[in-house]
$ cat input03.pdb   # PDB, C-alpha atoms
ATOM      1  CA  MET A 150      42.300  34.032 -90.799
ATOM      2  CA  PRO A 151      40.049  34.718 -93.762
ATOM      3  CA  ARG A 152      37.695  37.580 -93.154
ATOM      4  CA  VAL A 153      34.097  37.977 -94.263
ATOM      5  CA  VAL A 154      32.621  41.461 -94.266
ATOM      6  CA  VAL A 155      28.924  42.164 -93.842
ATOM      7  CA  ASP A 156      27.794  45.675 -94.768
ATOM      8  CA  VAL A 157      24.412  46.722 -93.437
ATOM      9  CA  MET A 158      22.716  49.850 -94.795
ATOM     10  CA  PRO A 159      19.343  51.465 -94.176
ATOM     11  CA  LYS A 160      17.040  50.747 -97.126
ATOM     12  CA  PRO A 161      17.032  53.568 -99.697
ATOM     13  CA  GLU A 162      13.398  54.430 -99.005
ATOM     14  CA  ILE A 163      14.002  54.622 -95.241
ATOM     15  CA  LEU A 164      14.913  58.005 -93.826
ATOM     16  CA  ASP A 165      18.417  57.922 -92.322
ATOM     17  CA  PRO A 166      18.492  60.637 -89.629
ATOM     18  CA  GLN A 167      22.133  59.975 -88.732
ATOM     19  CA  GLY A 168      23.300  60.259 -92.336
ATOM     20  CA  LYS A 169      21.308  63.455 -92.662
ATOM     21  CA  ALA A 170      22.952  64.907 -89.551
ATOM     22  CA  VAL A 171      26.414  64.085 -90.930
ATOM     23  CA  LEU A 172      25.482  65.680 -94.258
ATOM     24  CA  GLY A 173      24.248  68.769 -92.423
ATOM     25  CA  ALA A 174      27.525  69.116 -90.534
ATOM     26  CA  LEU A 175      29.761  69.023 -93.616
ATOM     27  CA  PRO A 176      29.257  72.597 -94.883
ATOM     28  CA  ARG A 177      29.756  73.909 -91.351
ATOM     29  CA  LEU A 178      33.139  72.198 -91.341
ATOM     30  CA  GLY A 179      34.028  73.690 -94.709
ATOM     31  CA  PHE A 180      33.500  70.524 -96.791
ATOM     32  CA  THR A 181      31.441  71.276 -99.864
ATOM     33  CA  GLY A 182      30.171  69.247-102.780
ATOM     34  CA  VAL A 183      28.749  66.264-100.867
ATOM     35  CA  THR A 184      25.093  65.854-101.784
ATOM     36  CA  GLU A 185      24.081  62.743 -99.833
ATOM     37  CA  VAL A 186      25.313  60.733 -96.827
ATOM     38  CA  ARG A 187      23.913  57.385 -95.720
ATOM     39  CA  GLN A 188      25.233  55.791 -92.540
ATOM     40  CA  GLY A 189      25.395  52.045 -92.066
ATOM     41  CA  LYS A 190      27.292  49.347 -90.187
ATOM     42  CA  ARG A 191      30.217  47.134 -91.140
ATOM     43  CA  PHE A 192      30.776  43.767 -89.454
ATOM     44  CA  GLU A 193      34.070  41.872 -89.841
ATOM     45  CA  LEU A 194      33.745  38.158 -89.206
ATOM     46  CA  GLU A 195      36.767  35.883 -89.052
ATOM     47  CA  ILE A 196      36.375  32.210 -89.888
ATOM     48  CA  PRO A 197      38.990  29.444 -90.151
ATOM     49  CA  GLU A 198      38.268  28.666 -93.774
ATOM     50  CA  ILE A 199      36.067  29.995 -96.562
ATOM     51  CA  THR A 200      33.646  27.249 -97.508
ATOM     52  CA  ASP A 201      30.200  27.250 -99.086
ATOM     53  CA  ASP A 202      28.743  26.061 -95.783
ATOM     54  CA  ALA A 203      30.456  28.826 -93.820
ATOM     55  CA  LEU A 204      29.293  31.481 -96.263
ATOM     56  CA  ALA A 205      25.748  30.121 -96.234
ATOM     57  CA  GLN A 206      25.776  30.330 -92.451
ATOM     58  CA  ILE A 207      27.028  33.911 -92.525
ATOM     59  CA  GLU A 208      24.342  34.807 -95.047
ATOM     60  CA  LYS A 209      21.790  33.365 -92.632
ATOM     61  CA  LEU A 210      23.132  35.112 -89.529
ATOM     62  CA  ALA A 211      23.304  38.394 -91.438
ATOM     63  CA  GLU A 212      19.698  38.034 -92.507
ATOM     64  CA  THR A 213      18.328  36.980 -89.124
ATOM     65  CA  PHE A 214      20.531  38.945 -86.751
ATOM     66  CA  LEU A 215      23.023  41.502 -88.113
ATOM     67  CA  ALA A 216      20.422  43.191 -90.304
ATOM     68  CA  ASN A 217      16.748  43.841 -89.748
ATOM     69  CA  THR A 218      15.550  43.268 -93.298
ATOM     70  CA  VAL A 219      12.374  45.250 -92.631
ATOM     71  CA  ILE A 220      14.456  48.438 -92.562
ATOM     72  CA  GLU A 221      17.952  47.434 -93.731
ATOM     73  CA  ASN A 222      19.742  45.769 -96.655
ATOM     74  CA  PHE A 223      22.951  43.785 -96.286
ATOM     75  CA  VAL A 224      25.811  42.564 -98.487
ATOM     76  CA  VAL A 225      28.188  39.705 -97.608
ATOM     77  CA  ARG A 226      31.625  39.625 -99.198
ATOM     78  CA  VAL A 227      34.884  37.776 -98.628
ATOM     79  CA  GLU A 228      37.889  39.971 -97.943
ATOM     80  CA  GLU A 229      41.464  38.806 -98.432
ATOM     81  CA  PRO A 230      43.314  38.522 -95.124
ATOM     82  CA  ALA A 231      45.703  41.396 -94.425
ATOM     83  CA  LYS A 232      49.329  40.461 -95.199
TER
ATOM     84  CA  MET B  57      -4.931  37.741 -63.464
ATOM     85  CA  LYS B  58      -1.244  36.855 -63.392
ATOM     86  CA  ILE B  59       0.796  39.172 -65.585
ATOM     87  CA  GLY B  60       4.472  38.391 -66.110
ATOM     88  CA  VAL B  61       6.999  41.206 -66.511
ATOM     89  CA  ILE B  62      10.262  40.107 -68.116
ATOM     90  CA  THR B  63      13.570  41.560 -66.966
ATOM     91  CA  PHE B  64      16.411  41.605 -69.512
ATOM     92  CA  PRO B  65      19.960  42.843 -68.866
ATOM     93  CA  GLY B  66      19.555  46.615 -69.143
ATOM     94  CA  THR B  67      15.795  46.727 -68.573
ATOM     95  CA  LEU B  68      14.789  49.829 -66.580
ATOM     96  CA  ASP B  69      11.029  49.887 -66.223
ATOM     97  CA  ASP B  70      10.312  46.364 -64.998
ATOM     98  CA  VAL B  71       9.644  47.441 -61.408
ATOM     99  CA  ASP B  72       7.338  50.278 -62.516
ATOM    100  CA  ALA B  73       5.533  47.869 -64.828
ATOM    101  CA  GLN B  74       5.109  45.346 -61.984
ATOM    102  CA  ARG B  75       3.740  48.090 -59.779
ATOM    103  CA  ALA B  76       1.327  49.231 -62.503
ATOM    104  CA  VAL B  77       0.151  45.631 -62.882
ATOM    105  CA  ARG B  78      -0.628  45.496 -59.136
ATOM    106  CA  VAL B  79      -2.257  48.948 -59.106
ATOM    107  CA  GLY B  80      -4.395  47.666 -61.967
ATOM    108  CA  GLY B  81      -5.652  44.865 -59.740
ATOM    109  CA  ASN B  82      -3.568  42.007 -61.124
ATOM    110  CA  GLU B  83      -0.813  39.840 -59.735
ATOM    111  CA  ALA B  84       2.660  40.726 -61.040
ATOM    112  CA  VAL B  85       5.088  37.876 -61.724
ATOM    113  CA  ALA B  86       8.759  38.704 -62.252
ATOM    114  CA  LEU B  87      10.118  36.716 -65.199
ATOM    115  CA  TRP B  88      13.782  36.356 -66.174
ATOM    116  CA  HIS B  89      15.106  36.576 -69.735
ATOM    117  CA  GLY B  90      17.372  33.562 -69.265
ATOM    118  CA  ASP B  91      14.602  31.127 -68.296
ATOM    119  CA  HIS B  92      12.510  29.028 -70.626
ATOM    120  CA  ASP B  93       9.533  29.454 -68.314
ATOM    121  CA  LEU B  94       6.534  31.803 -68.319
ATOM    122  CA  GLN B  95       5.437  30.407 -64.921
ATOM    123  CA  GLY B  96       1.871  29.958 -66.090
ATOM    124  CA  VAL B  97       1.110  33.675 -66.441
ATOM    125  CA  ASP B  98      -2.007  34.862 -68.284
ATOM    126  CA  ALA B  99      -0.202  37.688 -70.072
ATOM    127  CA  VAL B 100       3.290  39.126 -70.552
ATOM    128  CA  ILE B 101       4.739  42.639 -70.509
ATOM    129  CA  LEU B 102       8.063  43.437 -72.187
ATOM    130  CA  PRO B 103       9.072  46.592 -70.324
ATOM    131  CA  GLY B 104      11.122  49.589 -71.375
ATOM    132  CA  GLY B 105      14.815  50.218 -70.953
ATOM    133  CA  PHE B 106      18.002  49.686 -72.872
ATOM    134  CA  SER B 107      18.382  45.926 -72.991
ATOM    135  CA  TYR B 108      21.894  44.906 -74.034
ATOM    136  CA  GLY B 109      22.748  48.617 -74.187
ATOM    137  CA  ASP B 110      20.744  48.907 -77.426
ATOM    138  CA  TYR B 111      23.768  47.294 -79.109
ATOM    139  CA  LEU B 112      23.350  46.198 -82.744
ATOM    140  CA  ARG B 113      19.755  47.534 -82.876
ATOM    141  CA  CYS B 114      17.306  48.231 -80.061
ATOM    142  CA  GLY B 115      15.731  44.932 -79.033
ATOM    143  CA  ALA B 116      17.722  42.903 -81.590
ATOM    144  CA  ILE B 117      19.686  40.878 -79.031
ATOM    145  CA  SER B 118      16.887  40.520 -76.458
ATOM    146  CA  ARG B 119      14.675  39.155 -79.190
ATOM    147  CA  PHE B 120      16.825  36.004 -79.072
ATOM    148  CA  ALA B 121      16.762  35.654 -75.263
ATOM    149  CA  PRO B 122      15.764  32.155 -74.099
ATOM    150  CA  ILE B 123      12.371  33.258 -72.723
ATOM    151  CA  MET B 124      11.448  34.867 -76.042
ATOM    152  CA  THR B 125      10.958  31.376 -77.509
ATOM    153  CA  GLU B 126       8.013  30.927 -75.140
ATOM    154  CA  VAL B 127       6.801  34.524 -75.612
ATOM    155  CA  ILE B 128       6.744  34.234 -79.414
ATOM    156  CA  GLU B 129       5.107  30.803 -79.300
ATOM    157  CA  GLY B 130       2.520  32.044 -76.786
ATOM    158  CA  ALA B 131       1.816  35.253 -78.720
ATOM    159  CA  GLN B 132       1.111  33.257 -81.862
ATOM    160  CA  LYS B 133      -1.441  31.232 -79.881
ATOM    161  CA  GLY B 134      -3.176  34.303 -78.446
ATOM    162  CA  LEU B 135      -1.242  35.067 -75.228
ATOM    163  CA  PRO B 136      -1.680  38.794 -74.520
ATOM    164  CA  VAL B 137       1.701  40.535 -74.879
ATOM    165  CA  LEU B 138       2.319  44.235 -74.309
ATOM    166  CA  GLY B 139       5.666  45.732 -75.376
ATOM    167  CA  ILE B 140       6.409  49.191 -74.071
ATOM    168  CA  CYS B 141       9.206  51.259 -75.669
ATOM    169  CA  ASN B 142      12.160  48.822 -75.702
ATOM    170  CA  GLY B 143       9.521  46.084 -75.481
ATOM    171  CA  PHE B 144       7.868  47.468 -78.649
ATOM    172  CA  GLN B 145      11.289  47.350 -80.318
ATOM    173  CA  MET B 146      11.617  43.677 -79.284
ATOM    174  CA  LEU B 147       8.187  42.928 -80.780
ATOM    175  CA  VAL B 148       9.108  44.371 -84.180
ATOM    176  CA  GLU B 149      12.481  42.605 -84.071
ATOM    177  CA  SER B 150      10.596  39.357 -83.299
ATOM    178  CA  HIS B 151       8.273  40.031 -86.277
ATOM    179  CA  LEU B 152       5.287  39.738 -83.954
ATOM    180  CA  LEU B 153       4.446  43.257 -85.126
ATOM    181  CA  PRO B 154       5.214  44.745 -88.554
ATOM    182  CA  GLY B 155       7.510  47.677 -89.323
ATOM    183  CA  GLY B 156      10.530  49.000 -87.476
ATOM    184  CA  LEU B 157      11.634  51.687 -85.035
ATOM    185  CA  LEU B 158      14.355  54.102 -86.077
ATOM    186  CA  ARG B 159      16.291  56.909 -84.442
ATOM    187  CA  ASN B 160      14.009  59.915 -83.800
ATOM    188  CA  ASP B 161      13.959  62.114 -86.904
ATOM    189  CA  HIS B 162      15.420  65.057 -84.944
ATOM    190  CA  LEU B 163      18.131  62.779 -83.430
ATOM    191  CA  LYS B 164      17.536  63.873 -79.837
ATOM    192  CA  PHE B 165      16.333  61.771 -76.945
ATOM    193  CA  ILE B 166      12.911  63.052 -75.994
ATOM    194  CA  CYS B 167      11.189  63.046 -72.618
ATOM    195  CA  ARG B 168       7.790  64.708 -72.310
ATOM    196  CA  ASP B 169       4.195  64.257 -71.200
ATOM    197  CA  GLN B 170       2.581  63.161 -74.451
ATOM    198  CA  LYS B 171      -1.045  63.392 -75.492
ATOM    199  CA  LEU B 172      -2.367  60.290 -77.275
ATOM    200  CA  ARG B 173      -5.624  59.158 -78.789
ATOM    201  CA  ILE B 174      -6.639  55.540 -78.142
ATOM    202  CA  GLU B 175      -8.102  54.472 -81.485
ATOM    203  CA  ASN B 176      -8.554  50.741 -80.972
ATOM    204  CA  THR B 177     -10.299  49.601 -77.806
ATOM    205  CA  SER B 178     -10.774  45.979 -78.862
ATOM    206  CA  THR B 179      -7.256  44.768 -78.034
ATOM    207  CA  ALA B 180      -6.475  42.759 -74.919
ATOM    208  CA  TRP B 181      -4.706  45.807 -73.473
ATOM    209  CA  THR B 182      -6.994  48.719 -74.379
ATOM    210  CA  SER B 183     -10.559  47.559 -73.735
ATOM    211  CA  ALA B 184     -10.791  49.706 -70.586
ATOM    212  CA  PHE B 185     -10.587  52.864 -72.700
ATOM    213  CA  THR B 186     -13.400  54.461 -74.655
ATOM    214  CA  GLN B 187     -12.994  54.800 -78.420
ATOM    215  CA  ASN B 188     -10.887  57.877 -79.312
ATOM    216  CA  GLN B 189     -10.251  58.642 -75.631
ATOM    217  CA  GLU B 190      -7.466  61.192 -75.235
ATOM    218  CA  ILE B 191      -4.867  60.458 -72.582
ATOM    219  CA  VAL B 192      -1.563  61.947 -71.432
ATOM    220  CA  VAL B 193       1.316  59.650 -70.454
ATOM    221  CA  PRO B 194       5.090  60.075 -70.311
ATOM    222  CA  LEU B 195       7.104  59.463 -73.470
ATOM    223  CA  LYS B 196      10.859  58.913 -73.359
ATOM    224  CA  ASN B 197      12.779  57.503 -76.264
ATOM    225  CA  GLY B 198      15.705  57.970 -78.594
ATOM    226  CA  GLU B 199      14.634  55.457 -81.210
ATOM    227  CA  GLY B 200      10.878  55.770 -81.408
ATOM    228  CA  GLN B 201      10.309  56.686 -85.034
ATOM    229  CA  TYR B 202       7.854  54.087 -86.303
ATOM    230  CA  VAL B 203       8.310  53.210 -89.969
ATOM    231  CA  ALA B 204       6.871  50.616 -92.322
ATOM    232  CA  ASP B 205       6.393  50.325 -96.069
ATOM    233  CA  ALA B 206       3.340  51.990 -97.597
ATOM    234  CA  ASP B 207       1.405  48.707 -97.990
ATOM    235  CA  THR B 208       1.895  47.832 -94.325
ATOM    236  CA  ILE B 209       0.805  51.302 -93.191
ATOM    237  CA  LYS B 210      -2.277  51.083 -95.379
ATOM    238  CA  ARG B 211      -3.145  47.667 -93.947
ATOM    239  CA  LEU B 212      -2.654  48.879 -90.352
ATOM    240  CA  GLU B 213      -4.873  51.903 -91.003
ATOM    241  CA  ASP B 214      -7.546  50.002 -92.934
ATOM    242  CA  GLU B 215      -7.762  47.271 -90.316
ATOM    243  CA  GLY B 216      -7.867  49.719 -87.410
ATOM    244  CA  ARG B 217      -4.637  48.348 -85.992
ATOM    245  CA  VAL B 218      -3.238  51.728 -84.958
ATOM    246  CA  VAL B 219      -3.882  51.465 -81.227
ATOM    247  CA  ALA B 220      -2.590  54.876 -80.189
ATOM    248  CA  ARG B 221      -1.718  58.007 -82.146
ATOM    249  CA  TYR B 222       0.306  61.055 -81.081
ATOM    250  CA  LEU B 223      -1.755  64.231 -80.721
ATOM    251  CA  ASP B 224      -0.563  67.870 -80.909
ATOM    252  CA  VAL B 225       3.082  66.935 -81.456
ATOM    253  CA  ASN B 226       4.693  64.126 -83.400
ATOM    254  CA  PRO B 227       7.648  63.637 -81.059
ATOM    255  CA  ASN B 228       9.845  61.381 -83.190
ATOM    256  CA  GLY B 229       8.782  61.502 -86.833
ATOM    257  CA  SER B 230       6.646  58.340 -86.730
ATOM    258  CA  VAL B 231       4.658  57.688 -89.910
ATOM    259  CA  ASN B 232       1.031  58.912 -89.561
ATOM    260  CA  ASP B 233       1.774  59.914 -85.916
ATOM    261  CA  ILE B 234       1.649  56.223 -84.951
ATOM    262  CA  ALA B 235       2.434  55.662 -81.254
ATOM    263  CA  GLY B 236       1.277  52.062 -80.944
ATOM    264  CA  ILE B 237      -0.021  49.183 -83.051
ATOM    265  CA  THR B 238      -1.503  45.732 -82.622
ATOM    266  CA  ASN B 239      -1.292  42.438 -84.496
ATOM    267  CA  GLU B 240      -4.175  40.980 -86.484
ATOM    268  CA  ALA B 241      -5.530  39.037 -83.507
ATOM    269  CA  GLY B 242      -5.339  42.019 -81.132
ATOM    270  CA  ASN B 243      -3.436  40.149 -78.419
ATOM    271  CA  VAL B 244      -0.022  41.710 -79.134
ATOM    272  CA  VAL B 245       0.319  45.464 -78.631
ATOM    273  CA  GLY B 246       3.446  47.595 -79.028
ATOM    274  CA  LEU B 247       3.510  51.083 -77.622
ATOM    275  CA  MET B 248       6.284  53.677 -77.588
ATOM    276  CA  PRO B 249       4.941  55.868 -74.713
ATOM    277  CA  HIS B 250       4.946  54.657 -71.104
ATOM    278  CA  PRO B 251       1.530  54.106 -69.479
ATOM    279  CA  GLU B 252       3.200  52.300 -66.554
ATOM    280  CA  HIS B 253       4.570  55.666 -65.370
ATOM    281  CA  ALA B 254       1.069  57.171 -65.185
ATOM    282  CA  VAL B 255      -0.924  54.990 -62.807
ATOM    283  CA  GLU B 256      -0.797  56.946 -59.531
ATOM    284  CA  THR B 257      -1.414  60.601 -58.741
ATOM    285  CA  LEU B 258       1.673  60.845 -56.519
ATOM    286  CA  THR B 259       4.054  60.741 -59.481
ATOM    287  CA  GLY B 260       3.927  61.319 -63.194
ATOM    288  CA  SER B 261       1.417  63.061 -65.368
ATOM    289  CA  GLY B 262      -1.704  61.482 -63.820
ATOM    290  CA  THR B 263      -3.416  58.101 -63.985
ATOM    291  CA  ASP B 264      -4.287  57.991 -67.671
ATOM    292  CA  GLY B 265      -2.061  54.963 -68.235
ATOM    293  CA  LEU B 266      -3.970  52.725 -65.866
ATOM    294  CA  GLY B 267      -6.351  51.408 -68.522
ATOM    295  CA  PHE B 268      -3.542  49.361 -70.086
ATOM    296  CA  PHE B 269      -3.278  47.424 -66.822
ATOM    297  CA  THR B 270      -6.983  47.019 -66.043
ATOM    298  CA  SER B 271      -8.132  46.001 -69.541
ATOM    299  CA  LEU B 272      -7.200  42.324 -69.224
ATOM    300  CA  ALA B 273      -9.267  41.799 -66.092
ATOM    301  CA  GLU B 274     -12.207  43.805 -67.458
ATOM    302  CA  LYS B 275     -12.171  41.733 -70.610
ATOM    303  CA  ALA B 276     -11.912  38.462 -68.685
ATOM    304  CA  PHE B 277     -14.871  39.232 -66.428
ATOM    305  CA  ALA B 278     -16.988  41.060 -69.013
TER
END

$ encode --input "input03.pdb" --output "structure tokens"
Amino acid sequence: MPRVVVDVMPKPEILDPQGKAVLGALPRLGFTGVTEVRQGKRFELEIPEITDDALAQIEKLAETFLANTVIENFVVRVEEPAK
Amino acid sequence: MKIGVITFPGTLDDVDAQRAVRVGGNEAVALWHGDHDLQGVDAVILPGGFSYGDYLRCGAISRFAPIMTEVIEGAQKGLPVLGICNGFQMLVESHLLPGGLLRNDHLKFICRDQKLRIENTSTAWTSAFTQNQEIVVPLKNGEGQYVADADTIKRLEDEGRVVARYLDVNPNGSVNDIAGITNEAGNVVGLMPHPEHAVETLTGSGTDGLGFFTSLAEKAFA
């Protein structure tokens, strides 16, 4: 089945407390050199066939449901099915 | 007055809210998320809890519950709607109120008796208070950090739509210490703290929350 991925991220101007907590933990674990962490969500949607209609529908469901566009941005992309 | 309290899967504070409605001198009507029926109530409360386990985002799934069609339609026509905690999250997800609610800035769930200042007493839910009255009610949330873009915050402040503000401590990092806001018409109010837990002296921090449940009747008979 073809897979469509929707990535949802907090908007750049919105504070991301979870990303900040991850960033804060890195030096304690001995990982250095990371200057910023933002945490988001990834949705994998499987559909029978990639069509313009199907993608338009996914765009719409991402905008109305998967992301809250007041605080989050989203990107929809088609991913090749795993062989 | 008949005030409906909607129960969603994972709602916790519906029974307390119903009790507060009755203590406030109104009739409480239990409403169910799966119905398309407000049973002729005069106002609606979206109570606190963890509807749908807070999956996806707090309030994001409940916002599409069948009964929300009627709530959103009613709110746009002036039906008084009060969203407390998870209910506030549903109101921002429904776009009945601007902005959003994020994880607390310190990442911990917080539970405390919180001092607030009631700054707008012209809403359907706050007319029983005096302007700038200070009250103490319980606060309990993990995702209570109110955020909005600078223009929205300016509009809320300029139009006096900040209903309640945190005093002494900002418990979750909310912009401008905002604890509750209202829409332009003043019929929809979202509040992160829990006045329904402070309506009787037997339990809780006192009876400071009662005004939220007596305002409707006072306004109606004023």

$ resolve_selection --input "input03.pdb" --expression "the PyMOL selection byres ((chain A) within 8 of (chain B))" --output "list in words"
Ile163, Pro166, Gln167, Phe214, Leu215, Asn217, Val219 and Ile220 of chain A

$ resolve_selection --input "input03.pdb" --expression "the PyMOL selection byres ((chain A and resi 228) around 8)" --output "list in words"
Pro151, Arg152, Val153, Val154, Arg226, Val227, Glu229 and Pro230 of chain A

$ resolve_selection --input "input03.pdb" --expression "the PyMOL selection byres ((chain B and resi 61) around 8)" --output "list in words"
Ile59, Gly60, Ile62, Thr63, Asp70, Ala73, Gln74, Ala84, Val85, Ala86, Leu87, Val100, Ile101, Leu102 and Pro103 of chain B

$ write_last_selection --input "input03.pdb" --atoms "C-alpha atoms" --output "mmCIF file, keeping the file's coordinate frame"
data_model
loop_
_atom_site.group_PDB
_atom_site.id
_atom_site.type_symbol
_atom_site.label_atom_id
_atom_site.label_comp_id
_atom_site.auth_asym_id
_atom_site.auth_seq_id
_atom_site.Cartn_x
_atom_site.Cartn_y
_atom_site.Cartn_z
ATOM 1 C CA ILE B 59 0.796 39.172 -65.585
ATOM 2 C CA GLY B 60 4.472 38.391 -66.110
ATOM 3 C CA ILE B 62 10.262 40.107 -68.116
ATOM 4 C CA THR B 63 13.570 41.560 -66.966
ATOM 5 C CA ASP B 70 10.312 46.364 -64.998
ATOM 6 C CA ALA B 73 5.533 47.869 -64.828
ATOM 7 C CA GLN B 74 5.109 45.346 -61.984
ATOM 8 C CA ALA B 84 2.660 40.726 -61.040
ATOM 9 C CA VAL B 85 5.088 37.876 -61.724
ATOM 10 C CA ALA B 86 8.759 38.704 -62.252
ATOM 11 C CA LEU B 87 10.118 36.716 -65.199
ATOM 12 C CA VAL B 100 3.290 39.126 -70.552
ATOM 13 C CA ILE B 101 4.739 42.639 -70.509
ATOM 14 C CA LEU B 102 8.063 43.437 -72.187
ATOM 15 C CA PRO B 103 9.072 46.592 -70.324
#

$ residues_around --input "input03.pdb" --residues "Gly189 (chain A)" --least-positions-apart "4" --cutoff "7 Å" --atoms "only C-alpha atoms" --output "PyMOL selection string"
chain A and resi 157-159

$ atom_distance --input "input03.pdb" --atom1 "CA of Thr270 (chain B)" --atom2 "CA of Gly81 (chain B)"
6.8 Å

$ residues_around --input "input03.pdb" --residues "region 212-226 of chain B" --least-positions-apart "3" --cutoff "6 Å" --atoms "only C-alpha atoms" --output "ChimeraX atom specification"
/B:171-176,209,229,233-238

$ atom_distance --input "input03.pdb" --atom1 "CA of Asp93 (chain B)" --atom2 "CA of Ile128 (chain B)"
12.4 Å

$ closest_residue --input "input03.pdb" --among "A:Leu172, A:Leu194, A:Val155, A:Val186" --to "Val224 (chain A)" --atoms "only C-alpha atoms"
A:Val155

$ closest_residue --input "input03.pdb" --among "B:Gly90, B:Pro136, B:Gly143, B:Gly66" --to "Met248 (chain B)" --atoms "only C-alpha atoms"
B:Gly143

$ atom_distance --input "input03.pdb" --atom1 "CA of Asn197 (chain B)" --atom2 "CA of Gln145 (chain B)"
11.0 Å

$ decode --input "input03.pdb" --residues "region 73-123 of chain B" --atoms "C-alpha atoms" --output "compact mmCIF listing (two decimals), in the first residue's frame"
# COMPACT_ATOMS: atom_id res chain seq x y z
CA ALA B 73 -19.71 20.43 37.57
CA GLN B 74 -23.32 19.18 37.81
CA ARG B 75 -23.17 19.54 41.57
CA ALA B 76 -21.76 23.07 41.29
CA VAL B 77 -24.58 23.95 38.90
CA ARG B 78 -27.14 22.78 41.49
CA VAL B 79 -25.34 24.49 44.39
CA GLY B 80 -25.46 27.63 42.26
CA GLY B 81 -29.25 27.38 42.15
CA ASN B 82 -29.66 25.99 38.64
CA GLU B 83 -30.91 22.72 37.23
CA ALA B 84 -28.14 20.43 35.95
CA VAL B 85 -28.81 18.40 32.80
CA ALA B 86 -26.46 15.55 31.94
CA LEU B 87 -25.64 15.63 28.22
CA TRP B 88 -23.87 12.90 26.25
CA HIS B 89 -21.14 13.51 23.67
CA GLY B 90 -22.66 11.04 21.21
CA ASP B 91 -26.06 12.75 20.98
CA HIS B 92 -27.06 15.52 18.62
CA ASP B 93 -29.27 17.00 21.32
CA LEU B 94 -28.78 19.82 23.84
CA GLN B 95 -32.17 18.98 25.42
CA GLY B 96 -33.24 22.61 25.40
CA VAL B 97 -30.69 23.78 27.98
CA ASP B 98 -30.03 27.49 28.52
CA ALA B 99 -26.26 27.05 28.77
CA VAL B 100 -23.56 24.39 28.42
CA ILE B 101 -20.50 23.43 30.45
CA LEU B 102 -17.64 21.44 28.92
CA PRO B 103 -16.05 19.94 32.03
CA GLY B 104 -12.49 18.95 32.81
CA GLY B 105 -10.81 15.59 32.42
CA PHE B 106 -8.82 13.72 29.85
CA SER B 107 -11.28 13.11 27.05
CA TYR B 108 -10.01 10.48 24.61
CA GLY B 109 -6.93 10.15 26.83
CA ASP B 110 -5.66 13.50 25.50
CA TYR B 111 -4.64 11.55 22.38
CA LEU B 112 -3.50 13.60 19.36
CA ARG B 113 -3.90 16.90 21.27
CA CYS B 114 -6.00 17.71 24.33
CA GLY B 115 -9.58 18.27 23.18
CA ALA B 116 -8.76 17.61 19.51
CA ILE B 117 -10.90 14.48 19.20
CA SER B 118 -13.75 15.61 21.47
CA ARG B 119 -14.03 18.74 19.39
CA PHE B 120 -15.50 16.54 16.64
CA ALA B 121 -17.96 14.70 18.91
CA PRO B 122 -21.53 14.68 17.54
CA ILE B 123 -22.88 17.04 20.22
